[in-house]
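Have a look at the structure below before the remarks.
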Number of protein chains: 2
Amino acid sequence: MTKVKVAINGYGTIGKRVADAVALQDDMEIIGIAKTRPNFETVMAKDKGFNVYTLADRVGAMEKEGIEVSGTVEEMIKAADVVVDCTPGKVGATNKDLYEKAGIKAIWQGGEAHTLTGCSFNAETNYDEALGKDFVRVVSCNTTGLCRVLSPLDKEFGVKKARVTLLRRAADPGDIKTGPINAIVPNPIKLPSHHGPDVKTVIPNIDIATTAVKLPTTLMHLHTINLELEKECTAEDVESVLAEQSRVRFVGQGITSTAEIMELAKDLGRSRGDMWENCIWNESITMYEGELYFFQAIHQESDVIPENIDAIRAMMELESDASRSIEITNKTMGI
Amino acid sequence: MTKVKVAINGYGTIGKRVADAVALQDDMEIIGIAKTRPNFETVMAKDKGFNVYTLADRVGAMEKEGIEVSGTVEEMIKAADVVVDCTPGKVGATNKDLYEKAGIKAIWQGGEAHTLTGCSFNAETNYDEALGKDFVRVVSCNTTGLCRVLSPLDKEFGVKKARVTLLRRAADPGDIKTGPINAIVPNPIKLPSHHGPDVKTVIPNIDIATTAVKLPTTLMHLHTINLELEKECTAEDVESVLAEQSRVRFVGQGITSTAEIMELAKDLGRSRGDMWENCIWNESITMYEGELYFFQAIHQESDVIPENIDAIRAMMELESDASRSIEITNKTMGI
């Protein structure tokens, strides 16, 4: 079988993880990664055996640091079937011309607008929509986490109204520039937040209102979820539906915080200590006055990684069936 | 006018603030404060001119540190008309016998159960209920903050359903023992949280569901509030009602977090940098799909202080009218 040739443009938090996940697949391969700065991540990419590409005007800077460059981003694109754009939010959109001219398919991340591709993706929710598509956007970590629970609950019980408070980690663990260190930041202050509309790019008919705050923590986001459902059901019914989701993990057994979930991920031997699944405290799943409540934690650095793999498979039509692609991705990654 | 004699049992975060606020009133005076440990707070109490009392078995320890003791807690109680119990949560309840035997009135804080007094207090909501009462509980910082907005909005528009997420600072600024440093802790995991029922001890008929998390910050709590109202109204109508509340302050003008509110409190010249009012981002007040949303920040160390003063005034029947007591308290404290 010829493997699909995947290029990774941008090799930071998401890019390096997508590259590793692609490398685990039998039906795809990394033909190169592009990076603008010659830092430890670039050196690690070389050590892993990835071809490193960069912008034409950065080749000198890379070689000065002893990093052998395989060519320019344009050259990398030319050699690929599909590029996964993992450049910083809003930068990705500026690359669209480049990809169009090269005639290759492209995936962007949640930092870009839905309108850039017209197709916002979550594997469990709308895999079919991405079949054969040229341009797809894998939604953000928070939207991915919400789609994974709202979609199956909507299918099973009908979601009449979703109200979600998103408690966001303000910075990733490796980020030493971003605050706050000691404050709660309602963000945005104007309500509701943009997260609800973003969920609607994947599940158009859902009624959702979201509020969000930024917090002095780096590990994970946490969602407090309140749902009014169409169909009468018990907390046990909800738990059963969520238990069937392959990218949902129940936590308990002394896990009382996001920190302990990250400890669990490391104990599981996960690459980089990643937690690809939504982590739901099943003890928190409650029906109160006819409404559903629960807590879930979302690992912002990694929950979209399996979704990127499934998006490649849908766009390249390697698998026409969502559940089959999800199964392959989960198995290769160890979910 | 004979001043009401107030004793403060427990001189920590709340006790020292209540003592200072009582000292500002014309109709009451501090006859003593009780402290178990000879630390910097005890020394400060002496410097302020307060008589320091302690447990019988702690007199020696105090005097060893050069702190002159005026007598035992029992002796302090005997000399008072009313005691404000600011001992740690659950310890306060064990003092009830002492107060009953001495035949004096007593106020407890939100760390104690409603059943201890049968009267849970918030000045704007139920001042009248505390008139002449012997035992009153001033509700917690979070419950106080919620009553201050739910009560007037319920009176004006009728609250059909309140859904609140309480984002709690995990520790006070001076606390170096409590975590987390870097995690989000859903607490309690079992939903809904106990905060809703606590609001009902003051506003019995309100329909409220709460969820709560503990966060790695020390400055303030933040509430995300969602209300369904009986009466149709606009965000402007809500803003008008909240603007009339003397213990509600609107924030904006570049204030984007709890940290900047604390900076404002210091700039205002507030004692200890305290913020006694609920701080609401009026920009956040929104009607969305017929439901009300807004953010408010609550200074856990100080919002209950004016409430304690009003509780004394109600119990001692110094003022029969809530609004008159609130006006005096606000004026003397500088609210």
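Quick note on naming: the chains in the structure tokens go A, B, ... in the order shown, residues restart at 1 in each chain, and ligands are numbered from 1 in order of appearance.
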Tell me, as a PDB file with N, CA and C atoms, in the first residue's frame, which residues lie within 12 Å of Glu327 of chain A, counting only C-alpha atoms; anything in the same chain fewer than 2 positions away does not count.
```pdb
ATOM      1  N   GLN A  25       1.041   5.379  12.170  1.00  0.00           N
ATOM      2  CA  GLN A  25       0.017   4.816  11.293  1.00  0.00           C
ATOM      3  C   GLN A  25       0.651   4.005  10.150  1.00  0.00           C
ATOM      4  N   ALA A 123     -14.162  13.749  14.783  1.00  0.00           N
ATOM      5  CA  ALA A 123     -14.311  12.412  14.191  1.00  0.00           C
ATOM      6  C   ALA A 123     -15.630  11.738  14.541  1.00  0.00           C
ATOM      7  N   GLU A 124     -15.994  11.752  15.818  1.00  0.00           N
ATOM      8  CA  GLU A 124     -17.217  11.054  16.228  1.00  0.00           C
ATOM      9  C   GLU A 124     -18.471  11.743  15.693  1.00  0.00           C
ATOM     10  N   GLN A 245     -18.260   5.738  24.640  1.00  0.00           N
ATOM     11  CA  GLN A 245     -17.429   6.604  23.808  1.00  0.00           C
ATOM     12  C   GLN A 245     -15.953   6.242  23.981  1.00  0.00           C
ATOM     13  N   SER A 246     -15.286   5.942  22.868  1.00  0.00           N
ATOM     14  CA  SER A 246     -13.904   5.465  22.978  1.00  0.00           C
ATOM     15  C   SER A 246     -12.947   6.567  23.397  1.00  0.00           C
ATOM     16  N   ARG A 247     -13.334   7.823  23.200  1.00  0.00           N
ATOM     17  CA  ARG A 247     -12.440   8.909  23.595  1.00  0.00           C
ATOM     18  C   ARG A 247     -12.941   9.651  24.834  1.00  0.00           C
ATOM     19  N   PRO A 306      -5.622  12.677  17.992  1.00  0.00           N
ATOM     20  CA  PRO A 306      -6.289  11.602  17.238  1.00  0.00           C
ATOM     21  C   PRO A 306      -7.268  12.146  16.199  1.00  0.00           C
ATOM     22  N   GLU A 307      -7.857  13.296  16.462  1.00  0.00           N
ATOM     23  CA  GLU A 307      -8.806  13.896  15.509  1.00  0.00           C
ATOM     24  C   GLU A 307      -8.086  14.295  14.221  1.00  0.00           C
ATOM     25  N   ILE A 309      -5.515  12.795  12.940  1.00  0.00           N
ATOM     26  CA  ILE A 309      -5.251  11.550  12.202  1.00  0.00           C
ATOM     27  C   ILE A 309      -6.506  11.113  11.448  1.00  0.00           C
ATOM     28  N   ASP A 310      -7.641  11.156  12.138  1.00  0.00           N
ATOM     29  CA  ASP A 310      -8.901  10.762  11.482  1.00  0.00           C
ATOM     30  C   ASP A 310      -9.242  11.719  10.344  1.00  0.00           C
ATOM     31  N   ARG A 313      -7.368  10.741   7.343  1.00  0.00           N
ATOM     32  CA  ARG A 313      -7.925   9.511   6.763  1.00  0.00           C
ATOM     33  C   ARG A 313      -9.223   9.788   5.990  1.00  0.00           C
ATOM     34  N   GLU A 319     -10.342   5.618   4.616  1.00  0.00           N
ATOM     35  CA  GLU A 319     -11.418   4.873   5.277  1.00  0.00           C
ATOM     36  C   GLU A 319     -12.711   5.658   5.070  1.00  0.00           C
ATOM     37  N   ASP A 321     -15.453   4.772   6.616  1.00  0.00           N
ATOM     38  CA  ASP A 321     -16.254   4.561   7.827  1.00  0.00           C
ATOM     39  C   ASP A 321     -15.582   5.184   9.053  1.00  0.00           C
ATOM     40  N   ALA A 322     -16.298   6.103   9.708  1.00  0.00           N
ATOM     41  CA  ALA A 322     -15.753   6.824  10.857  1.00  0.00           C
ATOM     42  C   ALA A 322     -15.270   5.870  11.946  1.00  0.00           C
ATOM     43  N   SER A 323     -16.121   4.917  12.288  1.00  0.00           N
ATOM     44  CA  SER A 323     -15.779   4.083  13.434  1.00  0.00           C
ATOM     45  C   SER A 323     -14.544   3.226  13.151  1.00  0.00           C
ATOM     46  N   ARG A 324     -14.362   2.873  11.873  1.00  0.00           N
ATOM     47  CA  ARG A 324     -13.175   2.081  11.520  1.00  0.00           C
ATOM     48  C   ARG A 324     -11.908   2.944  11.652  1.00  0.00           C
ATOM     49  N   SER A 325     -11.972   4.180  11.165  1.00  0.00           N
ATOM     50  CA  SER A 325     -10.810   5.074  11.291  1.00  0.00           C
ATOM     51  C   SER A 325     -10.478   5.329  12.761  1.00  0.00           C
ATOM     52  N   THR A 329      -6.962   4.554  14.670  1.00  0.00           N
ATOM     53  CA  THR A 329      -6.214   5.621  15.353  1.00  0.00           C
ATOM     54  C   THR A 329      -6.037   5.292  16.826  1.00  0.00           C
ATOM     55  N   ASN A 330      -7.135   4.897  17.457  1.00  0.00           N
ATOM     56  CA  ASN A 330      -7.078   4.580  18.887  1.00  0.00           C
ATOM     57  C   ASN A 330      -6.083   3.455  19.155  1.00  0.00           C
ATOM     58  N   LYS A 331      -6.136   2.420  18.307  1.00  0.00           N
ATOM     59  CA  LYS A 331      -5.295   1.247  18.529  1.00  0.00           C
ATOM     60  C   LYS A 331      -3.810   1.607  18.370  1.00  0.00           C
ATOM     61  N   THR A 332      -3.493   2.358  17.312  1.00  0.00           N
ATOM     62  CA  THR A 332      -2.085   2.695  17.080  1.00  0.00           C
ATOM     63  C   THR A 332      -1.552   3.634  18.163  1.00  0.00           C
ATOM     64  N   MET A 333      -2.404   4.538  18.627  1.00  0.00           N
ATOM     65  CA  MET A 333      -1.931   5.498  19.634  1.00  0.00           C
ATOM     66  C   MET A 333      -1.967   4.935  21.051  1.00  0.00           C
ATOM     67  N   GLY A 334      -2.775   3.895  21.237  1.00  0.00           N
ATOM     68  CA  GLY A 334      -2.868   3.307  22.585  1.00  0.00           C
ATOM     69  C   GLY A 334      -3.974   3.905  23.430  1.00  0.00           C
ATOM     70  N   ILE A 335      -5.048   4.331  22.777  1.00  0.00           N
ATOM     71  CA  ILE A 335      -6.199   4.890  23.504  1.00  0.00           C
ATOM     72  C   ILE A 335      -7.124   3.769  23.930  1.00  0.00           C
TER      73      ILE A 335
END
```
Taking only segment 11-248 of chain B into account, list the residues labelled alpha helix (DSSP H) by DSSP (computed from the backbone), as a PyMOL selection string.
chain B and resi 13-23+40-47+59-64+73-78+96-102+123-126+141-157+195-200+235-243
Quick one: everything within 7 Å of segment 76-88 of chain A, counting only C-alpha atoms, minus sequence neighbours fewer than 6 positions away in the same chain. Send it as a PDB file with C-alpha atoms, in the first residue's frame.
```
ATOM      1  CA  VAL A   4      -0.199   9.013   2.247  1.00  0.00           C
ATOM      2  CA  LYS A   5       2.552  11.633   2.387  1.00  0.00           C
ATOM      3  CA  VAL A   6       1.958  14.043   5.271  1.00  0.00           C
ATOM      4  CA  ALA A   7       3.788  17.332   5.825  1.00  0.00           C
ATOM      5  CA  ILE A   8       3.626  19.149   9.163  1.00  0.00           C
ATOM      6  CA  ASN A   9       3.861  22.926   8.878  1.00  0.00           C
ATOM      7  CA  GLY A  10       4.645  24.242  12.357  1.00  0.00           C
ATOM      8  CA  TYR A  11       6.294  21.976  14.902  1.00  0.00           C
ATOM      9  CA  ILE A  14       0.366  20.384  18.332  1.00  0.00           C
ATOM     10  CA  GLY A  15       2.673  19.846  15.343  1.00  0.00           C
ATOM     11  CA  ILE A  31       7.691  13.432   4.619  1.00  0.00           C
ATOM     12  CA  GLY A  32       8.850  16.466   6.530  1.00  0.00           C
ATOM     13  CA  TYR A  53      12.193  22.293   6.292  1.00  0.00           C
ATOM     14  CA  ALA A 102       0.551  23.524  -4.728  1.00  0.00           C
ATOM     15  CA  ILE A 104      -2.523  19.765  -1.951  1.00  0.00           C
ATOM     16  CA  LYS A 105      -5.034  19.117   0.770  1.00  0.00           C
ATOM     17  CA  ALA A 106      -4.662  20.937   4.066  1.00  0.00           C
ATOM     18  CA  ILE A 107      -5.794  20.633   7.674  1.00  0.00           C
ATOM     19  CA  TRP A 108      -5.847  23.602  10.031  1.00  0.00           C
ATOM     20  CA  GLN A 109      -6.307  23.738  13.795  1.00  0.00           C
TER      21      GLN A 109
END
```
Let's see if you can do this: from backbone DSSP, list all strand (DSSP E) residues in segment 71-212 of chain A, as a ChimeraX atom specification.
/A:71-72,82-85,105-108,120-121,135-138,159-169,185-186,208-212
Straight-line distance linking atom CA of Thr256 of chain A with atom CA of Asn187 of chain B, stated in Å to one decimal
8.0 Å
Please determine the contact residues of chain B with respect to chain A at a cut-off of 6 Å, counting only C-alpha atoms, and supply them as a list of chain:residue names.
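Applying the cut-off to the listed atoms yields B:Asn182, B:Ala183, B:Ile184, B:Val185, B:Ile189, B:Lys190, B:Leu191, B:Thr217, B:Ser257, B:Thr258, B:Ala259, B:Glu283, B:Ser284.
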With distances taken over only C-alpha atoms, which residue among B:Glu236, B:Ala170, B:Asp303, B:Lys3 lies nearest Asp27 of chain B?
B:Lys3
